[in-house]
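Printed here is run01.cif (mmCIF, C-alpha atoms and all ligand atoms):
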```cif
data_my_file
#
loop_
_atom_site.label_atom_id
_atom_site.label_comp_id
_atom_site.auth_asym_id
_atom_site.auth_seq_id
_atom_site.Cartn_x
_atom_site.Cartn_y
_atom_site.Cartn_z
CA MET A 236 -13.33 62.17 55.21
CA SER A 237 -11.23 60.48 57.91
CA GLN A 238 -12.02 60.31 61.60
CA LEU A 239 -10.23 62.73 63.92
CA ARG A 240 -7.53 61.15 66.08
CA SER A 241 -8.94 60.38 69.49
CA GLU A 242 -6.01 61.93 71.40
CA LEU A 243 -6.43 65.35 69.79
CA PRO A 244 -7.51 68.32 71.91
CA VAL A 245 -11.05 69.59 71.29
CA VAL A 246 -11.15 71.08 67.78
CA PRO A 247 -12.21 74.75 67.95
CA GLU A 248 -15.48 75.68 66.23
CA LYS A 249 -13.56 77.83 63.72
CA MET A 250 -11.55 74.78 62.54
CA LYS A 251 -14.45 72.35 62.12
CA HIS A 252 -14.79 73.03 58.38
CA LEU A 253 -11.20 71.91 57.70
CA PRO A 254 -10.67 68.57 55.93
CA VAL A 255 -9.19 65.73 57.99
CA ASP A 256 -6.19 63.85 56.56
CA GLU A 257 -5.74 60.08 56.53
CA ARG A 258 -3.86 60.20 59.87
CA GLY A 259 -6.79 62.00 61.49
CA TYR A 260 -5.36 65.54 61.71
CA PRO A 261 -7.37 68.57 60.55
CA VAL A 262 -5.51 70.04 57.56
CA PRO A 263 -4.64 73.70 58.26
CA TRP A 264 -5.58 76.36 55.72
CA PHE A 265 -1.94 77.13 54.82
CA VAL A 266 -0.98 73.54 53.97
CA ALA A 267 -0.10 72.73 50.36
CA TRP A 268 -1.87 69.83 48.64
CA LEU A 269 0.43 68.02 46.23
CA ASN A 270 0.21 65.48 43.44
CA GLU A 271 2.59 62.51 43.29
CA ASP A 272 5.28 64.61 41.62
CA GLY A 273 5.18 67.15 44.44
CA ARG A 274 3.40 69.77 42.35
CA GLU A 275 0.88 71.97 44.16
CA LEU A 276 -2.78 71.38 43.36
CA ARG A 277 -5.93 73.14 44.45
CA SER A 278 -6.56 72.58 48.18
CA GLY A 279 -8.51 69.37 48.68
CA LEU A 280 -6.98 67.62 45.66
CA GLY A 281 -4.04 65.22 45.93
CA LYS A 282 -2.45 64.86 49.37
CA PRO A 283 -1.73 67.53 51.98
CA ASP A 284 1.89 67.93 53.06
CA PHE A 285 1.96 69.67 56.44
CA ARG A 286 5.60 70.68 56.03
CA ILE A 287 4.84 72.84 53.01
CA MET A 288 2.82 76.02 52.80
CA ARG A 289 0.73 76.88 49.76
CA ALA A 290 2.59 79.23 47.43
CA ARG A 291 0.01 82.00 47.96
CA ALA A 292 -0.79 81.35 51.62
CA ARG A 293 1.48 83.91 53.26
CA ALA A 294 0.49 86.76 50.95
CA GLU A 295 -3.22 85.93 51.29
CA ALA A 296 -3.01 85.62 55.05
CA TYR A 297 -1.28 88.97 55.36
CA THR A 298 -3.28 91.04 52.85
CA GLN A 299 -6.69 89.53 53.69
CA ARG A 300 -6.03 89.25 57.46
CA ARG A 301 -6.81 85.55 57.47
CA CYS A 302 -6.10 83.03 60.21
CA TRP A 303 -3.12 80.85 59.24
CA VAL A 304 -4.79 77.74 60.62
CA CYS A 305 -8.51 78.02 59.77
CA GLY A 306 -8.45 80.70 57.04
CA GLY A 307 -11.15 82.76 58.78
CA HIS A 308 -10.87 86.50 59.32
CA LEU A 309 -8.74 87.73 62.19
CA GLU A 310 -10.08 89.97 64.89
CA VAL A 311 -8.19 92.60 66.89
CA GLU A 312 -6.31 90.01 68.89
CA MET A 313 -4.15 87.49 67.06
CA ALA A 314 -1.81 84.70 68.11
CA PHE A 315 1.38 83.22 66.74
CA THR A 316 2.44 79.63 67.39
CA ALA A 317 6.17 80.03 67.81
CA GLY A 318 9.12 77.89 68.86
CA ALA A 319 11.18 79.15 71.79
CA MET A 320 13.79 80.82 69.58
CA CYS A 321 11.08 82.69 67.66
CA ALA A 322 9.86 83.98 71.02
CA VAL A 323 13.41 85.22 71.64
CA ASN A 324 13.89 87.13 68.39
CA ARG A 325 10.15 87.76 67.88
CA THR A 326 10.58 86.71 64.27
CA LEU A 327 8.98 83.94 62.29
CA ALA A 328 7.99 82.90 58.81
CA GLU A 329 4.31 82.18 59.51
CA PRO A 330 1.63 84.85 59.97
CA PRO A 331 -0.80 84.77 62.93
CA SER A 332 -3.96 82.82 63.74
CA HIS A 333 -6.96 83.12 65.99
CA ARG A 334 -6.04 82.49 69.61
CA GLU A 335 -8.00 79.22 69.81
CA CYS A 336 -6.57 77.99 66.48
CA ALA A 337 -3.01 78.78 67.62
CA GLU A 338 -3.60 77.04 70.94
CA PHE A 339 -4.95 73.96 69.20
CA SER A 340 -1.86 73.88 66.95
CA ALA A 341 0.51 74.25 69.88
CA LYS A 342 -1.17 71.33 71.63
CA ALA A 343 -1.80 69.07 68.63
CA CYS A 344 0.94 69.60 66.03
CA PRO A 345 3.04 66.41 66.10
CA PHE A 346 6.21 68.36 65.40
CA LEU A 347 5.63 70.86 68.18
CA THR A 348 4.27 68.41 70.72
CA ARG A 349 6.80 65.60 70.42
CA PRO A 350 10.21 67.14 71.00
CA HIS A 351 11.97 63.87 70.28
CA ALA A 352 10.34 63.47 66.89
CA LYS A 353 12.77 64.41 64.15
CA ARG A 354 11.58 66.85 61.55
CA ARG A 355 11.21 64.87 58.35
CA GLU A 356 13.07 66.46 55.46
CA ALA A 357 12.91 63.43 53.20
CA GLY A 358 10.87 63.88 50.07
CA MET A 359 10.71 67.67 50.33
CA PRO A 360 10.01 69.04 46.86
CA SER A 361 13.10 71.16 46.21
CA GLU A 362 11.39 74.36 45.05
CA THR A 363 9.35 74.61 48.25
CA ALA A 364 12.03 73.47 50.70
CA GLU A 365 13.69 76.87 50.89
CA GLN A 366 11.96 79.03 53.47
CA PRO A 367 12.61 82.71 53.92
CA GLY A 368 15.01 83.81 56.62
CA HIS A 369 16.96 81.31 58.61
CA ALA A 370 14.29 78.87 59.72
CA LEU A 371 15.81 76.86 62.53
CA LEU A 372 15.13 73.27 61.63
CA ARG A 373 15.69 71.77 65.04
CA ASN A 374 12.65 70.58 66.93
CA PRO A 375 11.52 73.47 69.10
CA GLY A 376 10.69 71.41 72.21
CA VAL A 377 8.31 74.01 73.60
CA ALA A 378 5.70 75.97 71.69
CA ALA A 379 4.74 79.50 72.65
CA VAL A 380 1.33 80.93 71.81
CA TRP A 381 2.17 84.61 71.49
CA ILE A 382 -0.97 86.73 71.71
CA CYS A 383 -0.68 90.30 70.44
CA ARG A 384 -2.52 93.01 68.52
CA SER A 385 -0.02 93.86 65.81
CA TYR A 386 2.71 92.44 63.65
CA ARG A 387 4.69 93.61 60.68
CA PRO A 388 6.36 92.01 57.68
CA PHE A 389 9.96 92.85 56.85
CA GLU A 390 12.43 91.81 54.18
CA ASP A 391 14.93 89.27 55.41
CA GLY A 392 17.74 90.52 53.16
CA ARG A 393 17.71 87.33 51.09
CA GLY A 394 14.66 88.08 48.96
CA GLY A 395 12.12 86.68 51.42
CA VAL A 396 9.70 88.19 53.91
CA LEU A 397 9.51 87.45 57.63
CA PHE A 398 7.12 88.66 60.30
CA GLU A 399 7.93 90.48 63.51
CA MET A 400 5.46 89.84 66.33
CA GLY A 401 4.17 92.86 68.23
CA ASP A 402 4.38 93.28 72.00
CA PRO A 403 2.53 90.40 73.63
CA VAL A 404 -0.73 90.76 75.55
CA GLU A 405 -0.09 87.27 76.91
CA VAL A 406 2.20 84.31 76.15
CA LEU A 407 1.20 80.68 76.80
CA TRP A 408 3.82 77.91 76.71
CA PHE A 409 3.21 74.26 75.83
CA ARG A 410 5.23 71.08 75.69
CA GLU A 411 3.82 67.77 74.52
CA GLY A 412 0.31 69.20 74.61
CA ARG A 413 0.39 70.40 78.23
CA PRO A 414 1.53 73.68 79.80
CA ALA A 415 5.35 73.89 79.85
CA THR A 416 7.28 74.65 83.01
CA ARG A 417 9.73 77.54 83.37
CA ALA A 418 12.63 75.07 83.41
CA GLU A 419 11.48 73.53 80.10
CA VAL A 420 11.24 76.96 78.49
CA ALA A 421 14.70 77.87 79.79
CA ARG A 422 16.15 74.58 78.51
CA SER A 423 14.59 75.01 75.07
CA ILE A 424 16.03 78.52 74.78
CA GLU A 425 19.43 77.42 76.06
CA THR A 426 19.74 74.56 73.59
CA GLY A 427 18.53 76.70 70.70
CA LEU A 428 20.82 79.63 71.41
CA PRO A 429 23.87 78.37 69.48
CA SER A 430 21.78 78.41 66.28
CA LEU A 431 21.03 82.11 66.79
CA GLU A 432 24.59 82.89 67.90
CA ALA A 433 25.83 81.35 64.67
CA LEU A 434 23.94 84.07 62.76
CA LEU A 435 25.58 86.96 64.63
CA PRO A 436 27.97 89.15 62.66
CA GLU A 437 31.73 88.77 63.08
CA GLY A 438 34.13 91.62 63.81
CA GLU A 439 33.45 94.72 65.85
CA GLU A 440 29.65 94.48 65.58
CA ARG A 441 29.71 91.13 67.30
CA GLN A 442 29.96 92.34 70.87
CA GLN A 443 26.94 94.60 70.54
CA ALA A 444 24.96 91.89 68.74
CA GLU A 445 25.74 89.44 71.56
CA ALA A 446 24.56 91.95 74.15
CA GLU A 447 21.34 92.52 72.19
CA LEU A 448 20.72 88.79 71.95
CA LYS A 449 21.25 88.41 75.69
CA GLY A 450 18.70 91.20 76.24
CA LEU A 451 16.20 89.36 74.04
CA VAL A 452 16.73 86.11 75.97
CA ASP A 453 16.11 87.95 79.24
CA GLN A 454 12.92 89.47 77.80
CA ALA A 455 11.71 86.04 76.65
CA MET A 456 12.37 84.57 80.09
CA GLU A 457 10.28 87.37 81.64
CA LEU A 458 7.40 86.00 79.56
CA ALA A 459 8.05 82.40 80.64
CA PRO A 460 5.85 80.72 83.29
CA ALA A 461 6.75 81.75 86.86
ZN ZN A 501 -8.60 80.41 63.03
#
```
Any chance you could give the structure as structure tokens?
Amino acid sequence: MSQLRSELPVVPEKMKHLPVDERGYPVPWFVAWLNEDGRELRSGLGKPDFRIMRARARAEAYTQRRCWVCGGHLEVEMAFTAGAMCAVNRTLAEPPSHRECAEFSAKACPFLTRPHAKRREAGMPSETAEQPGHALLRNPGVAAVWICRSYRPFEDGRGGVLFEMGDPVEVLWFREGRPATRAEVARSIETGLPSLEALLPEGEERQQAEAELKGLVDQAMELAPA
């Protein structure tokens, strides 16, 4: 097993059983392990690819109430690690985690913590590249840890399932591993907005949809740091 990277935040007790990859990151429970042809193997065999979730991970997490990061059982309170736009529409493709596991991810995930890092799409096995809903592939810039007591799955209208986060008990915001400022949250929402606006319906429904989206942005900003 590899050594943990020295710059990582303290690994929560619940995550200490996770394997560590060759770069020194703990491998989350949901991550698919692949052979050289990109075929999924049993976890622990082959190589983990952090961009890809195990085929059964979402269903198992939801039906068995497991933490997305450590695989342990969830308690009453749960936490989503969400990009700014997911905090606006309260919708995301990944189920929740323990609070400490979500916080660790928000601080340590290279994609979430380095806004200038491009999301690597190269070498994505084609059958796993398609995610349900309209996953926004831009780098989120800030990461929200959305702590709540409920969530629900819903069909995305394209044959996939997404999750709607329940009303938050608390929302923590991070950027590059430290607490994000209000201005950074606002900027991340502002720059991500065109990607949500592009999904709005055309025609007479558009005006109402735009007003709803504006309401959601205002709600998200109420949850941003003061
Ligand atoms: Zn956990």
Task: Coordinates-based distance that separates CA of Cys302 in chain A from CA of Trp268 in chain A (Å, one decimal) - done: 18.1 Å
What are the centre and the three edge lengths of an axis-aligned box that wraps all atoms of range 309-326 of chain A in the file, given that 8 Å is added to every side, written as JSON and rounded to one decimal in Å?
```
{"center_x": 1.9, "center_y": 85.2, "center_z": 67.0, "size_x": 40.0, "size_y": 30.7, "size_z": 25.6}
```
Task: Atom pair CA of Ala418 in chain A / CA of Ser385 in chain A: separation (Å) - done: 28.7 Å
Open item on the list: Could you list, as a ChimeraX atom specification, all protein and nucleic acid residues with an atom at most 12 Å from ligand ZN 501 (chain A), counting only C-alpha atoms and all ligand atoms?
Closed with: /A:246-253,263-265,296,300-310,312-316,330-340
Task: Exercise: residues within 10 Å of coordinate (-7.2, 67.5, 56.5), counting only C-alpha atoms, as a ChimeraX atom specification - done: /A:236-237,239,252-264,266,268,278-279,282-285
Can you list every residue of range 414-451 of chain A that has an atom at most 9 Å from range 398-410 of chain A, with its nearest atom pair and the distance in Å to one decimal, using all atoms listed in the file, ordered by chain then number, as a tab-separated table?
```
residue	atom	partner	partner_atom	distance
A:Pro414	CA	A:Phe409	CA	4.3
A:Ala415	CA	A:Phe409	CA	4.6
A:Thr416	CA	A:Trp408	CA	7.9
A:Arg417	CA	A:Trp408	CA	8.9
A:Glu419	CA	A:Arg410	CA	8.0
A:Val420	CA	A:Trp408	CA	7.7
```
Task: For Gln454 in chain A, the nearest of the candidates A:Arg286, A:Arg387, A:Arg240, A:Arg325, counting all atoms listed in the file - done: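 Result for the nearest residue to Gln454 in chain A: A:Arg325.
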Task: Distance of CA of Gly412 in chain A from CA of Ala343 in chain A, expressed in Å to one decimal place - done: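 So the two atoms, CA of Ala343 in chain A and CA of Gly412 in chain A, lie 6.3 Å apart.
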TODO: Return the single residue from A:Val396, A:Cys321, A:Val377, A:Ile382 that is closest to Leu431 in chain A, with distances computed using only C-alpha atoms.
DONE: A:Cys321
TODO: Pick out the closest residue to Asn324 in chain A from this set: A:Glu242, A:Glu411, A:Glu275, A:Glu447. Count only C-alpha atoms.
DONE: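 Smallest distance to Asn324 in chain A is found for A:Glu447.
Of the residues under consideration (A:Glu457, A:Cys344, A:Glu390, A:Leu269), A:Cys344 shows the shortest atom-to-atom contact distance to Pro244 in chain A when counting only C-alpha atoms.
Distance check against Leu451 in chain A using only C-alpha atoms: of A:Leu428, A:Asp391, A:Ala317, A:Ala379, the minimum falls on A:Leu428.
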- [ ] Give the answer as one residue: which of A:Ala446, A:Ala292, A:Glu329, A:Ala459 has the shortest atom-to-atom distance to Pro388 in chain A, using all atoms listed in the file?
- [x]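 Of A:Ala446, A:Ala292, A:Glu329, A:Ala459, the one nearest Pro388 in chain A is A:Glu329, counting all atoms listed in the file.
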